Amino acid sequence: CKQHSLHGTSPVTTFGPKACMLQNPLAVMHIQDPASQRLTWNKPPKSVLVIKKIQDASLLQPFKELCVFLTEKNMIVYVERKVLADPVIQADESFAAVIQKFCTFREDLNDISNRVDFIICLGGDGTLLYASSLFQKSVPPVMSFHLGSLGFLTPFNFDTYQSQVTQIIEGNAAIILRSRLRVVKESREKNARVDKKGIIMTNGDSEGSRKVLNEVVVDRGPFSYLSNVDLFLDGHLITTVQGDGVIVSTPTGSTAYAVAAGASMIHPNVPAIMITPICPHSLSFRPIVVPAGVELKIMLSRDSRNTAWVSFDGRKRQEICHGDNITITTSCFPVPSICFQDPVNDWFESLAQCLHWNVRKKQNYLSSKEDVF
């Protein structure tokens with residue numbers, strides 16, 4: 001799905017087996033007004049995946065209530081086996097009849113990508129990241145309830161879950177397409193070569209790709225020396241990162257680790273990739289935003305004193321050795337996140353409520369009788 005385009009890859013607008021985006025005939029240059037992005041169903045949804053944050057006792061009662069409600073609506077409910085392994089759930093005899101109606105699966109064994117019509121997450125932002133990782137291609141619409149700590153990506157309050165879930169089943173909801181990164185880690189038998197013009201010369205085998213919703217982080221790991229990695233854009237060496245590491249994030253991820261490292265916050269509808277250094281040993285290395293259509297490569301510099309480490313949305317941490325490289329592009333498969341109001345209002349509400357953006361004591365009013373100076 002790689003397209004050399006200013007706006008990057010064209011995201012798919014079908015999500016799971018039955019959901020799609022309602023087409024807007026007034027779209028300009030194929031870029032819809034964020035407030036006009038609406039969910040619609042080709043056929044009525046029949047199946048739902050419920051994802052619950054593991055090892056959180058406070059979520060057991062909401063989880064049970066939601067599952068009972070869904071089964072009463074004759075929905076096929078998918079639940080991970082490790083969720084049902086909780087001793088408290090196993091000991092609840094009144095819930096046993098509901099459990100028998102569940103379809104269960106394991107993350108590392110079963111592919112449910114064509115069986116689930118939409119997803120409900122109970123937890124915090126990490127629960128949405130985990131839901132994204134379960135679907136490497138088309139992702140069903142995701143409805144996230146704020147039952148965690150921060151809740152930047154979880155706009156729904158569980159107190160009114162019945163009416164809210166009913167609206168989703170009826171197809172009455174706005175959605176925001178959260179772009180993801182397609183990441184490929186390549187291991188090489190020989191170090192990659194760079195010619196005099198800074199063009200990367202490739203050879204070696206790929207280890208497969210993964211989709212990332214927030215960010216790819218390359219850091220120095222347990223070593224005391226600076227991280228020393230080369231950063232390529234569309235095959236050209238643009239800089240060498242000397243510091244604790246570098247963050248490559250989506251607009252959704254710009255309000256996560258990247259903002260803590262000094263980056264700007266980007267609305268998820270903006271087609272872009274953000275590059276943010278982590279504690280760079282330079283006074284002039286500022287975070288930058290590049291078009292979503294570029295291809296980034298990260299690899300150890302030849303004179304790096306140690307290896308580096310990479311993680312994907314905070315998971316699957318692994319070492320990068322000399323000769324390895326990380327290729328990052330924008331994925332064709334975004335996460336269709338269901339909005340409480342719309343993509344614009346939800347985002348600014350999260351900035352205000354979760355990050356207290358631009359909170360300041362207001363200046364007093366100056367009356368006409370007071371001297372201006």
# chains A, B, ... in the order shown; residues from 1 in each chain; ligands from 1
$ residues_around --residues "Val98 of chain A" --least-positions-apart "6" --cutoff "8 Å" --atoms "only C-alpha atoms" --output "VMD selection string"
chain A and resid 67 to 68 71
$ write_last_selection --atoms "N, CA, C and O atoms" --output "compact mmCIF listing (two decimals), in the first residue's frame"
# COMPACT_ATOMS: atom_id res chain seq x y z
N CYS A 67 -21.41 -7.48 29.29
CA CYS A 67 -21.57 -8.77 28.61
C CYS A 67 -23.01 -9.27 28.71
O CYS A 67 -23.55 -9.81 27.74
N VAL A 68 -23.63 -9.10 29.87
CA VAL A 68 -25.04 -9.49 30.01
C VAL A 68 -25.91 -8.69 29.08
O VAL A 68 -26.80 -9.22 28.40
N THR A 71 -25.40 -9.92 25.40
CA THR A 71 -26.02 -11.22 25.13
C THR A 71 -27.54 -11.09 25.08
O THR A 71 -28.20 -11.79 24.31
$ residues_around --residues "Val216 of chain A" --least-positions-apart "6" --cutoff "8 Å" --atoms "only C-alpha atoms" --output "PyMOL selection string"
chain A and resi 247-249+310-313
$ write_last_selection --atoms "N, CA, C and O atoms" --output "PDB file, in the first residue's frame"
ATOM      1  N   ILE A 247      11.950   9.117  18.845  1.00  0.00           N
ATOM      2  CA  ILE A 247      10.565   8.656  18.802  1.00  0.00           C
ATOM      3  C   ILE A 247      10.001   8.969  17.426  1.00  0.00           C
ATOM      4  O   ILE A 247      10.065  10.109  16.978  1.00  0.00           O
ATOM      5  N   VAL A 248       9.438   7.966  16.765  1.00  0.00           N
ATOM      6  CA  VAL A 248       8.707   8.179  15.511  1.00  0.00           C
ATOM      7  C   VAL A 248       7.248   7.872  15.810  1.00  0.00           C
ATOM      8  O   VAL A 248       6.897   6.738  16.132  1.00  0.00           O
ATOM      9  N   SER A 249       6.404   8.899  15.725  1.00  0.00           N
ATOM     10  CA  SER A 249       5.035   8.729  16.193  1.00  0.00           C
ATOM     11  C   SER A 249       4.010   9.153  15.154  1.00  0.00           C
ATOM     12  O   SER A 249       4.294   9.932  14.248  1.00  0.00           O
ATOM     13  N   VAL A 310      14.578  -1.215  20.442  1.00  0.00           N
ATOM     14  CA  VAL A 310      13.375  -0.678  19.832  1.00  0.00           C
ATOM     15  C   VAL A 310      12.145  -1.291  20.496  1.00  0.00           C
ATOM     16  O   VAL A 310      12.159  -2.461  20.891  1.00  0.00           O
ATOM     17  N   SER A 311      11.095  -0.488  20.639  1.00  0.00           N
ATOM     18  CA  SER A 311       9.811  -0.986  21.144  1.00  0.00           C
ATOM     19  C   SER A 311       8.694  -0.422  20.277  1.00  0.00           C
ATOM     20  O   SER A 311       8.841   0.627  19.640  1.00  0.00           O
ATOM     21  N   PHE A 312       7.559  -1.130  20.245  1.00  0.00           N
ATOM     22  CA  PHE A 312       6.437  -0.776  19.385  1.00  0.00           C
ATOM     23  C   PHE A 312       5.205  -0.580  20.266  1.00  0.00           C
ATOM     24  O   PHE A 312       4.676  -1.549  20.813  1.00  0.00           O
ATOM     25  N   ASP A 313       4.774   0.660  20.412  1.00  0.00           N
ATOM     26  CA  ASP A 313       3.686   0.983  21.343  1.00  0.00           C
ATOM     27  C   ASP A 313       3.984   0.453  22.739  1.00  0.00           C
ATOM     28  O   ASP A 313       3.098  -0.033  23.452  1.00  0.00           O
TER      29      ASP A 313
END
$ closest_residue --among "A:Pro268, A:Gly208, A:Pro277, A:Gly123" --to "Thr239 of chain A" --atoms "only C-alpha atoms"
A:Pro277
$ closest_residue --among "A:His236, A:Arg360, A:Arg305, A:Lys53" --to "Ser149 of chain A" --atoms "only C-alpha atoms"
A:Lys53
$ select_by_dssp --residues "segment 52-163 of chain A" --states "strand (DSSP E or B)" --output "PyMOL selection string"
chain A and resi 52+76-80+103-105+118-123+142-146+156
$ residues_around --residues "Asn172 of chain A" --least-positions-apart "2" --cutoff "10 Å" --atoms "only C-alpha atoms" --output "MDAnalysis selection string"
chainID A and resid 38:41 164:170 174
$ atom_distance --atom1 "atom CA of Leu122 of chain A" --atom2 "atom CA of Pro251 of chain A"
22.9 Å
$ closest_residue --among "A:Arg180, A:His146, A:Asp219, A:Ser36" --to "Ala292 of chain A" --atoms "only C-alpha atoms"
A:Arg180
$ residues_around --residues "Asn228 of chain A" --least-positions-apart "5" --cutoff "6 Å" --atoms "only C-alpha atoms" --output "JSON, numbers by chain"
{"A": [241, 242, 301, 304]}
$ write_last_selection --atoms "N, CA, C and O atoms" --output "short mmCIF file (atom, residue, chain, number, x, y, z; two decimals), in the first residue's frame"
data_model
loop_
_atom_site.label_atom_id
_atom_site.label_comp_id
_atom_site.auth_asym_id
_atom_site.auth_seq_id
_atom_site.Cartn_x
_atom_site.Cartn_y
_atom_site.Cartn_z
N VAL A 241 21.14 10.80 15.04
CA VAL A 241 20.60 11.11 16.35
C VAL A 241 21.61 10.70 17.42
O VAL A 241 21.97 9.52 17.53
N GLN A 242 22.11 11.68 18.17
CA GLN A 242 23.02 11.42 19.28
C GLN A 242 22.35 11.89 20.57
O GLN A 242 22.19 13.09 20.79
N SER A 301 24.56 3.80 13.63
CA SER A 301 25.69 4.40 12.93
C SER A 301 26.88 3.46 12.97
O SER A 301 27.01 2.63 13.87
N SER A 304 28.84 3.69 16.19
CA SER A 304 28.10 3.60 17.44
C SER A 304 28.85 2.71 18.43
O SER A 304 29.32 1.63 18.08
#
